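Structure file my_file11.cif with mmCIF, C-alpha atoms:
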data_my_file
loop_
_atom_site.group_PDB
_atom_site.id
_atom_site.type_symbol
_atom_site.label_atom_id
_atom_site.label_comp_id
_atom_site.auth_asym_id
_atom_site.auth_seq_id
_atom_site.Cartn_x
_atom_site.Cartn_y
_atom_site.Cartn_z
ATOM 1 C CA MET A 1 20.281 -7.449 -1.759
ATOM 2 C CA ASP A 2 20.108 -10.975 -3.207
ATOM 3 C CA ARG A 3 16.936 -12.451 -4.688
ATOM 4 C CA ARG A 4 16.240 -14.688 -1.698
ATOM 5 C CA ALA A 5 16.391 -11.735 0.717
ATOM 6 C CA PHE A 6 14.091 -9.690 -1.480
ATOM 7 C CA ILE A 7 11.532 -12.491 -1.736
ATOM 8 C CA GLU A 8 11.618 -13.007 2.013
ATOM 9 C CA ARG A 9 11.212 -9.261 2.509
ATOM 10 C CA THR A 10 8.245 -9.135 0.178
ATOM 11 C CA ALA A 11 6.504 -12.359 1.105
ATOM 12 C CA GLY A 12 7.551 -13.440 4.537
ATOM 13 C CA GLY A 13 5.226 -11.447 6.761
ATOM 14 C CA LEU A 14 1.908 -11.309 4.946
ATOM 15 C CA LEU A 15 -0.205 -12.928 7.625
ATOM 16 C CA LEU A 16 -3.554 -11.252 7.034
ATOM 17 C CA ALA A 17 -6.569 -13.091 5.661
ATOM 18 C CA PRO A 18 -8.988 -11.077 3.498
ATOM 19 C CA LEU A 19 -11.738 -11.117 6.118
ATOM 20 C CA PHE A 20 -13.810 -8.428 4.443
ATOM 21 C CA ALA A 21 -13.345 -9.744 0.890
ATOM 22 C CA GLY A 22 -16.961 -10.818 0.632
ATOM 23 C CA ALA A 23 -18.458 -7.675 2.140
ATOM 24 C CA THR A 24 -21.574 -6.475 0.389
ATOM 25 C CA GLU A 25 -22.848 -3.043 -0.533
ATOM 26 C CA GLY A 26 -24.949 -1.237 2.043
ATOM 27 C CA VAL A 27 -24.830 -0.967 5.798
ATOM 28 C CA THR A 28 -25.654 -3.820 8.131
ATOM 29 C CA SER A 29 -26.458 -3.018 11.752
ATOM 30 C CA ASN A 30 -24.898 -4.991 14.580
ATOM 31 C CA PRO A 31 -27.813 -5.861 16.905
ATOM 32 C CA ILE A 32 -25.520 -6.626 19.840
ATOM 33 C CA GLN A 33 -23.343 -3.530 19.981
ATOM 34 C CA GLY A 34 -25.543 -1.160 18.007
ATOM 35 C CA LEU A 35 -22.639 -0.308 15.741
ATOM 36 C CA THR A 36 -22.516 0.176 11.988
ATOM 37 C CA MET A 37 -20.579 -2.558 10.233
ATOM 38 C CA PRO A 38 -17.835 -1.538 7.790
ATOM 39 C CA HIS A 39 -18.688 -2.084 4.163
ATOM 40 C CA GLU A 40 -17.183 -1.805 0.715
ATOM 41 C CA LYS A 41 -18.222 0.930 -1.706
ATOM 42 C CA THR A 42 -17.229 2.000 -5.198
ATOM 43 C CA PHE A 43 -15.998 5.328 -6.538
ATOM 44 C CA ASP A 44 -16.276 6.226 -10.221
ATOM 45 C CA ALA A 45 -12.995 7.850 -11.180
ATOM 46 C CA LYS A 46 -12.758 9.138 -14.742
ATOM 47 C CA ALA A 47 -10.821 6.131 -15.999
ATOM 48 C CA VAL A 48 -11.888 3.306 -13.690
ATOM 49 C CA LYS A 49 -14.226 2.213 -10.901
ATOM 50 C CA LEU A 50 -12.377 1.962 -7.585
ATOM 51 C CA ASN A 51 -13.376 -0.359 -4.765
ATOM 52 C CA TYR A 52 -12.770 0.769 -1.193
ATOM 53 C CA LEU A 53 -13.602 -0.040 2.403
ATOM 54 C CA ASP A 54 -15.572 2.586 4.329
ATOM 55 C CA TYR A 55 -14.836 2.260 8.057
ATOM 56 C CA GLY A 56 -15.751 4.598 10.889
ATOM 57 C CA SER A 57 -17.919 7.626 11.422
ATOM 58 C CA ALA A 58 -18.517 10.136 8.642
ATOM 59 C CA ALA A 59 -18.310 12.805 11.359
ATOM 60 C CA ASP A 60 -14.602 12.077 11.834
ATOM 61 C CA ARG A 61 -11.808 13.447 9.655
ATOM 62 C CA PRO A 62 -10.924 11.309 6.620
ATOM 63 C CA LEU A 63 -7.925 9.003 6.421
ATOM 64 C CA VAL A 64 -7.143 7.322 3.082
ATOM 65 C CA MET A 65 -5.032 4.134 2.893
ATOM 66 C CA LEU A 66 -3.200 2.986 -0.264
ATOM 67 C CA HIS A 67 -1.774 -0.549 -0.348
ATOM 68 C CA GLY A 68 1.393 -1.959 -1.886
ATOM 69 C CA GLY A 69 1.658 -3.240 -5.441
ATOM 70 C CA ALA A 70 -0.182 -6.459 -6.402
ATOM 71 C CA TRP A 71 -2.005 -6.486 -3.048
ATOM 72 C CA ARG A 72 -5.366 -5.033 -1.991
ATOM 73 C CA TRP A 73 -6.870 -2.952 0.797
ATOM 74 C CA GLN A 74 -6.936 -5.907 3.211
ATOM 75 C CA GLU A 75 -3.211 -5.329 3.689
ATOM 76 C CA PHE A 76 -4.238 -2.750 6.330
ATOM 77 C CA LEU A 77 -6.734 -4.973 8.108
ATOM 78 C CA SER A 78 -4.748 -5.056 11.360
ATOM 79 C CA LEU A 79 -4.466 -1.241 11.475
ATOM 80 C CA ILE A 80 -7.937 -0.150 10.375
ATOM 81 C CA PRO A 81 -9.869 -0.813 13.622
ATOM 82 C CA GLY A 82 -7.328 1.087 15.722
ATOM 83 C CA LEU A 83 -7.185 4.068 13.363
ATOM 84 C CA GLY A 84 -10.938 3.967 12.796
ATOM 85 C CA GLN A 85 -11.618 4.836 16.433
ATOM 86 C CA ARG A 86 -10.807 8.487 15.668
ATOM 87 C CA TRP A 87 -10.667 8.674 11.876
ATOM 88 C CA HIS A 88 -13.059 7.949 9.009
ATOM 89 C CA VAL A 89 -11.000 5.354 7.136
ATOM 90 C CA HIS A 90 -11.167 4.824 3.374
ATOM 91 C CA ALA A 91 -8.954 1.890 2.320
ATOM 92 C CA LEU A 92 -8.765 1.666 -1.468
ATOM 93 C CA ASP A 93 -7.939 -1.041 -3.971
ATOM 94 C CA LEU A 94 -5.664 0.476 -6.620
ATOM 95 C CA ARG A 95 -6.772 0.134 -10.240
ATOM 96 C CA GLY A 96 -6.057 -3.412 -11.439
ATOM 97 C CA ASN A 97 -5.963 -4.727 -7.865
ATOM 98 C CA GLY A 98 -8.564 -6.287 -5.589
ATOM 99 C CA ARG A 99 -12.105 -5.502 -6.647
ATOM 100 C CA SER A 100 -11.250 -2.306 -8.520
ATOM 101 C CA GLY A 101 -11.573 -2.170 -12.287
ATOM 102 C CA TRP A 102 -8.876 -3.067 -14.788
ATOM 103 C CA VAL A 103 -7.339 -0.627 -17.285
ATOM 104 C CA PRO A 104 -5.002 -2.958 -19.234
ATOM 105 C CA LYS A 105 -1.380 -1.805 -19.309
ATOM 106 C CA ALA A 106 -2.303 1.654 -17.930
ATOM 107 C CA TYR A 107 -0.491 1.167 -14.649
ATOM 108 C CA ARG A 108 1.953 4.057 -14.444
ATOM 109 C CA LEU A 109 2.452 6.048 -11.275
ATOM 110 C CA ARG A 110 0.669 9.046 -12.778
ATOM 111 C CA ASP A 111 -2.348 6.827 -13.578
ATOM 112 C CA PHE A 112 -2.657 5.714 -9.962
ATOM 113 C CA ALA A 113 -2.077 9.267 -8.754
ATOM 114 C CA GLN A 114 -4.854 10.595 -10.981
ATOM 115 C CA ASP A 115 -7.387 8.041 -9.683
ATOM 116 C CA ASN A 116 -6.640 8.730 -6.063
ATOM 117 C CA ALA A 117 -6.368 12.496 -6.490
ATOM 118 C CA GLU A 118 -9.945 12.383 -7.795
ATOM 119 C CA PHE A 119 -10.980 10.342 -4.769
ATOM 120 C CA VAL A 120 -9.331 12.708 -2.287
ATOM 121 C CA SER A 121 -10.704 15.786 -4.051
ATOM 122 C CA ARG A 122 -14.293 14.709 -3.453
ATOM 123 C CA LEU A 123 -13.876 14.248 0.313
ATOM 124 C CA ASN A 124 -15.477 16.867 2.526
ATOM 125 C CA ALA A 125 -12.261 17.698 4.420
ATOM 126 C CA PRO A 126 -8.479 17.447 3.936
ATOM 127 C CA ALA A 127 -7.375 13.830 4.443
ATOM 128 C CA VAL A 128 -4.468 12.027 5.992
ATOM 129 C CA LEU A 129 -2.919 9.760 3.347
ATOM 130 C CA VAL A 130 -1.306 6.491 4.448
ATOM 131 C CA GLY A 131 0.634 4.597 1.793
ATOM 132 C CA HIS A 132 2.835 1.508 1.855
ATOM 133 C CA SER A 133 5.456 0.813 -0.834
ATOM 134 C CA ILE A 134 3.999 1.930 -4.199
ATOM 135 C CA GLY A 135 1.002 3.202 -2.231
ATOM 136 C CA GLY A 136 3.357 5.597 -0.442
ATOM 137 C CA VAL A 137 4.764 6.851 -3.732
ATOM 138 C CA ILE A 138 1.218 7.448 -4.977
ATOM 139 C CA ALA A 139 0.292 9.260 -1.749
ATOM 140 C CA LEU A 140 3.238 11.644 -2.192
ATOM 141 C CA MET A 141 2.217 12.361 -5.790
ATOM 142 C CA VAL A 142 -1.404 12.984 -4.784
ATOM 143 C CA ALA A 143 -0.293 15.395 -2.056
ATOM 144 C CA ALA A 144 1.836 17.335 -4.551
ATOM 145 C CA ARG A 145 -1.134 17.651 -6.912
ATOM 146 C CA HIS A 146 -3.593 18.759 -4.245
ATOM 147 C CA PRO A 147 -1.709 19.955 -1.145
ATOM 148 C CA GLU A 148 -4.833 21.748 0.054
ATOM 149 C CA LYS A 149 -6.677 18.404 0.251
ATOM 150 C CA VAL A 150 -4.022 16.606 2.341
ATOM 151 C CA SER A 151 -3.569 17.318 6.041
ATOM 152 C CA ALA A 152 -0.745 14.827 6.695
ATOM 153 C CA LEU A 153 1.141 11.912 5.142
ATOM 154 C CA ILE A 154 2.258 8.584 6.606
ATOM 155 C CA ILE A 155 4.632 6.870 4.165
ATOM 156 C CA GLU A 156 5.775 3.292 4.777
ATOM 157 C CA ASP A 157 9.124 2.375 3.192
ATOM 158 C CA VAL A 158 9.291 3.855 -0.307
ATOM 159 C CA PRO A 159 12.276 4.317 -2.623
ATOM 160 C CA VAL A 160 12.872 8.054 -2.435
ATOM 161 C CA GLY A 161 15.313 8.418 -5.336
ATOM 162 C CA LEU A 162 14.651 7.179 -8.875
ATOM 163 C CA ASP A 163 18.031 5.445 -9.061
ATOM 164 C CA ASN A 164 17.144 3.443 -5.965
ATOM 165 C CA TYR A 165 13.661 2.722 -7.360
ATOM 166 C CA ARG A 166 15.143 1.398 -10.610
ATOM 167 C CA LYS A 167 17.586 -0.770 -8.668
ATOM 168 C CA ILE A 168 14.757 -2.318 -6.627
ATOM 169 C CA VAL A 169 12.754 -3.058 -9.778
ATOM 170 C CA ASP A 170 15.736 -4.601 -11.542
ATOM 171 C CA SER A 171 16.440 -6.864 -8.568
ATOM 172 C CA SER A 172 12.789 -7.964 -8.504
ATOM 173 C CA ARG A 173 12.149 -8.864 -12.145
ATOM 174 C CA ASP A 174 12.422 -12.604 -11.639
ATOM 175 C CA MET A 175 10.045 -12.453 -8.687
ATOM 176 C CA PHE A 176 7.402 -10.462 -10.577
ATOM 177 C CA ARG A 177 7.653 -12.800 -13.552
ATOM 178 C CA LEU A 178 7.299 -15.812 -11.263
ATOM 179 C CA TRP A 179 4.091 -14.351 -9.834
ATOM 180 C CA LEU A 180 2.669 -13.654 -13.289
ATOM 181 C CA GLY A 181 3.648 -17.076 -14.589
ATOM 182 C CA LEU A 182 1.911 -18.809 -11.697
ATOM 183 C CA LYS A 183 -1.177 -16.635 -12.128
ATOM 184 C CA LYS A 184 -1.454 -17.317 -15.852
ATOM 185 C CA SER A 185 -1.014 -21.069 -15.468
ATOM 186 C CA ALA A 186 -3.440 -21.536 -12.536
ATOM 187 C CA ARG A 187 -7.075 -22.427 -13.255
ATOM 188 C CA SER A 188 -8.413 -21.454 -9.831
ATOM 189 C CA GLU A 189 -7.417 -19.470 -6.757
ATOM 190 C CA GLN A 190 -6.916 -22.725 -4.856
ATOM 191 C CA GLN A 191 -4.603 -24.032 -7.556
ATOM 192 C CA LEU A 192 -2.698 -20.761 -7.446
ATOM 193 C CA SER A 193 -2.227 -21.062 -3.680
ATOM 194 C CA LEU A 194 -0.815 -24.560 -4.144
ATOM 195 C CA ALA A 195 1.535 -23.318 -6.864
ATOM 196 C CA LEU A 196 2.745 -20.547 -4.552
ATOM 197 C CA ALA A 197 3.298 -23.091 -1.790
ATOM 198 C CA ASP A 198 5.471 -25.124 -4.128
ATOM 199 C CA ALA A 199 7.395 -22.081 -5.392
ATOM 200 C CA TYR A 200 8.154 -20.931 -1.843
ATOM 201 C CA LYS A 201 8.728 -24.333 -0.248
ATOM 202 C CA ASP A 202 12.353 -23.461 0.586
ATOM 203 C CA TYR A 203 11.428 -20.228 2.388
ATOM 204 C CA PRO A 204 10.411 -21.020 5.987
ATOM 205 C CA GLY A 205 9.170 -17.486 6.639
ATOM 206 C CA VAL A 206 6.371 -17.926 4.104
ATOM 207 C CA THR A 207 3.313 -19.149 5.987
ATOM 208 C CA SER A 208 0.032 -20.717 4.939
ATOM 209 C CA PRO A 209 -1.931 -17.532 5.775
ATOM 210 C CA TRP A 210 0.383 -15.558 3.499
ATOM 211 C CA MET A 211 -0.076 -18.016 0.640
ATOM 212 C CA LEU A 212 -3.860 -17.854 0.978
ATOM 213 C CA PHE A 213 -3.874 -14.056 1.160
ATOM 214 C CA PHE A 214 -1.442 -13.512 -1.675
ATOM 215 C CA ALA A 215 -3.090 -16.121 -3.886
ATOM 216 C CA GLY A 216 -6.290 -14.117 -3.532
ATOM 217 C CA CYS A 217 -4.466 -10.904 -4.440
ATOM 218 C CA LEU A 218 -2.802 -12.458 -7.482
ATOM 219 C CA TRP A 219 -6.031 -14.089 -8.618
ATOM 220 C CA GLN A 220 -7.729 -10.682 -8.769
ATOM 221 C CA LEU A 221 -4.736 -8.843 -10.284
ATOM 222 C CA ASP A 222 -4.823 -7.605 -13.884
ATOM 223 C CA PRO A 223 -2.131 -9.700 -15.665
ATOM 224 C CA SER A 224 -0.853 -6.533 -17.382
ATOM 225 C CA PHE A 225 -0.300 -4.757 -14.049
ATOM 226 C CA PHE A 226 3.506 -5.070 -14.185
ATOM 227 C CA ASP A 227 3.923 -4.261 -17.891
ATOM 228 C CA PRO A 228 4.854 -0.557 -17.541
ATOM 229 C CA LEU A 229 7.047 -1.228 -14.507
ATOM 230 C CA LEU A 230 9.045 -3.996 -16.193
ATOM 231 C CA ASN A 231 9.111 -2.770 -19.792
ATOM 232 C CA ASP A 232 9.216 1.037 -19.557
ATOM 233 C CA PHE A 233 10.483 2.169 -16.174
ATOM 234 C CA ASP A 234 11.023 5.765 -17.291
ATOM 235 C CA GLY A 235 7.410 5.987 -18.476
ATOM 236 C CA PHE A 236 6.178 4.185 -15.370
ATOM 237 C CA ALA A 237 7.970 6.555 -12.990
ATOM 238 C CA GLU A 238 7.380 9.811 -14.884
ATOM 239 C CA GLY A 239 6.213 12.477 -12.468
ATOM 240 C CA TYR A 240 7.812 10.955 -9.389
ATOM 241 C CA ASP A 241 10.441 13.523 -8.401
ATOM 242 C CA CYS A 242 10.634 13.329 -4.629
ATOM 243 C CA PRO A 243 12.644 16.540 -4.020
ATOM 244 C CA ALA A 244 10.200 18.534 -6.150
ATOM 245 C CA ILE A 245 7.214 16.823 -4.522
ATOM 246 C CA LEU A 246 8.377 17.480 -0.960
ATOM 247 C CA ALA A 247 9.083 21.103 -1.857
ATOM 248 C CA LYS A 248 5.353 21.493 -2.621
ATOM 249 C CA ILE A 249 4.161 19.817 0.573
ATOM 250 C CA ARG A 250 3.845 21.805 3.796
ATOM 251 C CA CYS A 251 1.850 19.286 5.838
ATOM 252 C CA PRO A 252 3.490 16.973 8.402
ATOM 253 C CA VAL A 253 5.034 13.825 6.899
ATOM 254 C CA LEU A 254 5.969 10.633 8.749
ATOM 255 C CA PHE A 255 8.258 8.155 6.990
ATOM 256 C CA LEU A 256 8.334 4.678 8.540
ATOM 257 C CA ARG A 257 11.092 2.193 7.773
ATOM 258 C CA GLY A 258 12.230 -1.153 9.104
ATOM 259 C CA GLU A 259 15.836 -2.283 9.462
ATOM 260 C CA SER A 260 18.109 -2.138 6.413
ATOM 261 C CA LYS A 261 19.575 -5.541 7.177
ATOM 262 C CA LEU A 262 16.069 -7.034 7.014
ATOM 263 C CA GLY A 263 15.321 -5.686 3.564
ATOM 264 C CA THR A 264 13.954 -2.144 3.524
ATOM 265 C CA VAL A 265 13.878 -0.186 0.279
ATOM 266 C CA MET A 266 14.641 3.211 1.830
ATOM 267 C CA THR A 267 18.384 3.708 2.156
ATOM 268 C CA ASP A 268 20.268 5.297 5.035
ATOM 269 C CA ASP A 269 21.321 8.116 2.713
ATOM 270 C CA GLU A 270 17.687 8.803 1.805
ATOM 271 C CA ILE A 271 16.696 8.950 5.475
ATOM 272 C CA ALA A 272 19.576 11.310 6.254
ATOM 273 C CA TRP A 273 18.604 13.599 3.349
ATOM 274 C CA LEU A 274 14.962 13.742 4.434
ATOM 275 C CA GLN A 275 15.836 14.588 8.022
ATOM 276 C CA ARG A 276 18.400 17.192 6.989
ATOM 277 C CA ASP A 277 16.463 19.086 4.323
ATOM 278 C CA PHE A 278 12.791 19.032 5.384
ATOM 279 C CA ARG A 279 11.562 20.448 8.674
ATOM 280 C CA ASN A 280 8.066 18.980 8.245
ATOM 281 C CA VAL A 281 9.427 15.420 7.871
ATOM 282 C CA GLN A 282 9.806 12.889 10.668
ATOM 283 C CA CYS A 283 11.512 9.503 10.147
ATOM 284 C CA THR A 284 10.897 6.576 12.485
ATOM 285 C CA GLN A 285 12.554 3.163 12.342
ATOM 286 C CA ILE A 286 10.616 0.073 13.383
ATOM 287 C CA GLU A 287 12.902 -2.574 14.858
ATOM 288 C CA GLY A 288 12.823 -6.224 13.876
ATOM 289 C CA VAL A 289 11.034 -5.854 10.535
ATOM 290 C CA GLY A 290 11.863 -5.165 6.904
ATOM 291 C CA HIS A 291 9.833 -3.742 4.044
ATOM 292 C CA LEU A 292 6.579 -5.318 5.232
ATOM 293 C CA LEU A 293 6.458 -3.324 8.474
ATOM 294 C CA HIS A 294 2.881 -3.702 9.843
ATOM 295 C CA LEU A 295 2.385 -6.931 7.887
ATOM 296 C CA GLN A 296 4.918 -8.668 10.101
ATOM 297 C CA GLU A 297 3.684 -9.773 13.497
ATOM 298 C CA GLN A 298 6.408 -7.955 15.414
ATOM 299 C CA GLY A 299 5.804 -4.748 13.452
ATOM 300 C CA GLN A 300 2.051 -4.432 13.822
ATOM 301 C CA THR A 301 1.951 -2.913 17.329
ATOM 302 C CA PRO A 302 4.880 -0.464 16.991
ATOM 303 C CA VAL A 303 3.692 0.725 13.569
ATOM 304 C CA LEU A 304 0.201 1.441 14.900
ATOM 305 C CA ALA A 305 1.693 3.176 17.944
ATOM 306 C CA ALA A 306 3.924 5.359 15.746
ATOM 307 C CA MET A 307 0.998 6.269 13.495
ATOM 308 C CA ARG A 308 -1.239 7.147 16.444
ATOM 309 C CA ALA A 309 1.440 9.277 18.119
ATOM 310 C CA PHE A 310 1.981 11.164 14.865
ATOM 311 C CA LEU A 311 -1.739 11.648 14.265
ATOM 312 C CA GLU A 312 -2.219 13.051 17.766
ATOM 313 C CA ARG A 313 -0.191 16.065 16.586
ATOM 314 C CA VAL A 314 -2.045 16.539 13.277
#
Translate this structure into structure tokens?
Amino acid sequence: MDRRAFIERTAGGLLLAPLFAGATEGVTSNPIQGLTMPHEKTFDAKAVKLNYLDYGSAADRPLVMLHGGAWRWQEFLSLIPGLGQRWHVHALDLRGNGRSGWVPKAYRLRDFAQDNAEFVSRLNAPAVLVGHSIGGVIALMVAARHPEKVSALIIEDVPVGLDNYRKIVDSSRDMFRLWLGLKKSARSEQQLSLALADAYKDYPGVTSPWMLFFAGCLWQLDPSFFDPLLNDFDGFAEGYDCPAILAKIRCPVLFLRGESKLGTVMTDDEIAWLQRDFRNVQCTQIEGVGHLLHLQEQGQTPVLAAMRAFLERV
């Protein structure tokens, strides 16, 4: 995949504004509908304080959502209300992202997995884990650590094999460095959004809502977030062995992927291997979208429908 296609895959469909970004601690009642408003909370993991959205009734079973790299929990904003009708949703900011704490240069997969394994372990029932991109990798690692605390997995477009993962990273280095360069040179979030607009002026799929959303994500991102990924891939990826992980997991697993020609990271060979070797794994392709899946307008409805159909059987 060439650099332009990868950038369009990564950037082109981020249409969500961070509507809950200014949410405050505590519960606010809605006097019209008598409902409890969603609100952000914090969780003290051993290494870092994690920010997360709490949405839905505590009487419902837990569902934990893990976003893609360099984003924040608002990535799932279009899915949360639909899922929250039957599930108690916890949408987390990964360490170094959103309103979670920073742990400079400690951004290896095992670091993220440790944080979120601690979060899942303190829930009062086994949780469904939903993860997109790096969030999906983390969800798999958490499930392998604590299979008794995970009732099901929904994984959106992850590199299954390490060779594929390394290839994706190598093809993305210029993009990641562009993001970091813009972040370091900008003096405000508004200035960063203008710099992104200039950098992506030749990409018609990149919209103003995406630039505003992603500028907010980058503005909050720890500048050292990509250091392990770019400078020590083997150390970054240590512990991510998908065949060994899936061998430990007995719960139902749904892998979602867009179309290869539109820029997914999962390969056809990886899909074929998953379907052949694991009876608890289901793979579903979403038409008309690439890696962004639910973040693209045409993917939002079919992704939610696929998730709901899968969860009906959990």
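Residues with any atom within 6 Å of A:Asp54, counting only C-alpha atoms and excluding same-chain neighbours fewer than 5 positions away, are Pro38, His39, Glu40 and His90 of chain A.
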Problem - A:Asn51 surroundings by only C-alpha atoms, 8 Å radius, close-in-sequence under 3 positions cut, as a PyMOL selection string - result: chain A and resi 40-43+92-94+98-101
Practice task
Using all atoms listed in the file, give me every residue within 9 Å of (0.5, 18.2, 6.2) in file coordinates, as a ChimeraX atom specification.
Solution key: /A:128,143,147-148,150-153,249-253,280,314
Exercise for the section: Enter the distance from atom CA of A:Leu295 to atom CA of A:Glu75, in Å, rounded to one decimal. Expected result: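 Between atom CA of A:Leu295 and atom CA of A:Glu75 the gap is 7.2 Å.
Here atom CA of A:Arg86 is placed at a distance of 7.9 Å from atom CA of A:Arg61.
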Practice task
Find the distance between atom CA of A:Leu212 and atom CA of A:Ser78 and write it in Å to one decimal.
Solution key: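 According to the coordinates, atom CA of A:Leu212 and atom CA of A:Ser78 are separated by 16.5 Å.
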Exercise for the section: Give me the residues within 8 Å of A:Val120 as an NGL selection string, counting all atoms listed in the file and dropping any in the same chain fewer than 6 places off. Expected result: :A and (64 or 126-127 or 149)
Handout entry: Best match for closeness to A:Ser171 among A:Ala305, A:Ile138, A:Leu77, A:Leu230, counting all atoms listed in the file
Key = A:Leu230
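On the file presented, the PyMOL selection byres ((chain A and resi 281) around 8) picks out Pro252, Val253, Leu254, Phe255, Leu274, Gln275, Phe278, Arg279, Asn280, Gln282 and Cys283 of chain A.
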Problem - Selected residue, from A:Trp71, A:Trp87, A:Tyr165, A:Tyr107, that lies nearest to A:Thr267 when counting only C-alpha atoms - result: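 Of all the options, A:Tyr165 lies closest to A:Thr267.
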Practice task
Please write the residues picked by the PyMOL selection byres ((chain A and resi 300-302) around 12) on this file as an MDAnalysis selection string.
Solution key: chainID A and resid 13:16 75:80 82 256:258 284:289 292:299 303:309
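Checking A:Lys49, A:Lys167, A:Arg108, A:Arg95 one by one against A:Ala237, counting all atoms listed in the file, you find the shortest gap at A:Arg108.
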Exercise for the section: With a distance cut-off of 10 Å and only C-alpha atoms, select the neighbouring residues of stretch 180-195 of chain A, excluding the residue or stretch itself and same-chain residues fewer than 6 positions from it, and output the selection as a list of chain:residue names. Expected result: A:Asp174, A:Lys201, A:Ser208, A:Trp210, A:Met211, A:Leu212, A:Phe213, A:Phe214, A:Ala215, A:Gly216, A:Cys217, A:Leu218, A:Trp219, A:Gln220, A:Leu221, A:Asp222, A:Pro223, A:Ser224, A:Phe225, A:Phe226
Give me a file of those residues, with C-alpha atoms, as a short mmCIF file (atom, residue, chain, number, x, y, z; two decimals), keeping the file's coordinate frame.
data_model
loop_
_atom_site.label_atom_id
_atom_site.label_comp_id
_atom_site.auth_asym_id
_atom_site.auth_seq_id
_atom_site.Cartn_x
_atom_site.Cartn_y
_atom_site.Cartn_z
CA ASP A 174 12.42 -12.60 -11.64
CA LYS A 201 8.73 -24.33 -0.25
CA SER A 208 0.03 -20.72 4.94
CA TRP A 210 0.38 -15.56 3.50
CA MET A 211 -0.08 -18.02 0.64
CA LEU A 212 -3.86 -17.85 0.98
CA PHE A 213 -3.87 -14.06 1.16
CA PHE A 214 -1.44 -13.51 -1.68
CA ALA A 215 -3.09 -16.12 -3.89
CA GLY A 216 -6.29 -14.12 -3.53
CA CYS A 217 -4.47 -10.90 -4.44
CA LEU A 218 -2.80 -12.46 -7.48
CA TRP A 219 -6.03 -14.09 -8.62
CA GLN A 220 -7.73 -10.68 -8.77
CA LEU A 221 -4.74 -8.84 -10.28
CA ASP A 222 -4.82 -7.60 -13.88
CA PRO A 223 -2.13 -9.70 -15.66
CA SER A 224 -0.85 -6.53 -17.38
CA PHE A 225 -0.30 -4.76 -14.05
CA PHE A 226 3.51 -5.07 -14.18
#
Practice task
Spell out the residues picked by the PyMOL selection byres ((chain A and resi 166) around 12) here, as a ChimeraX atom specification.
Solution key: /A:159-165,167-173,229-237,265
Exercise for the section: May I ask which of the residues A:Gly56, A:Pro209, A:Gly136, A:Pro62 is the closest one to A:Arg122, counting all atoms listed in the file? Expected result: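 Nearest candidate to A:Arg122 out of A:Gly56, A:Pro209, A:Gly136, A:Pro62: A:Pro62.
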Problem - Who sits within 6 Å of stretch 66-68 of chain A, all atoms listed in the file, same chain under 4 positions skipped, as a PyMOL selection string - result: chain A and resi 72-73+92+131-135
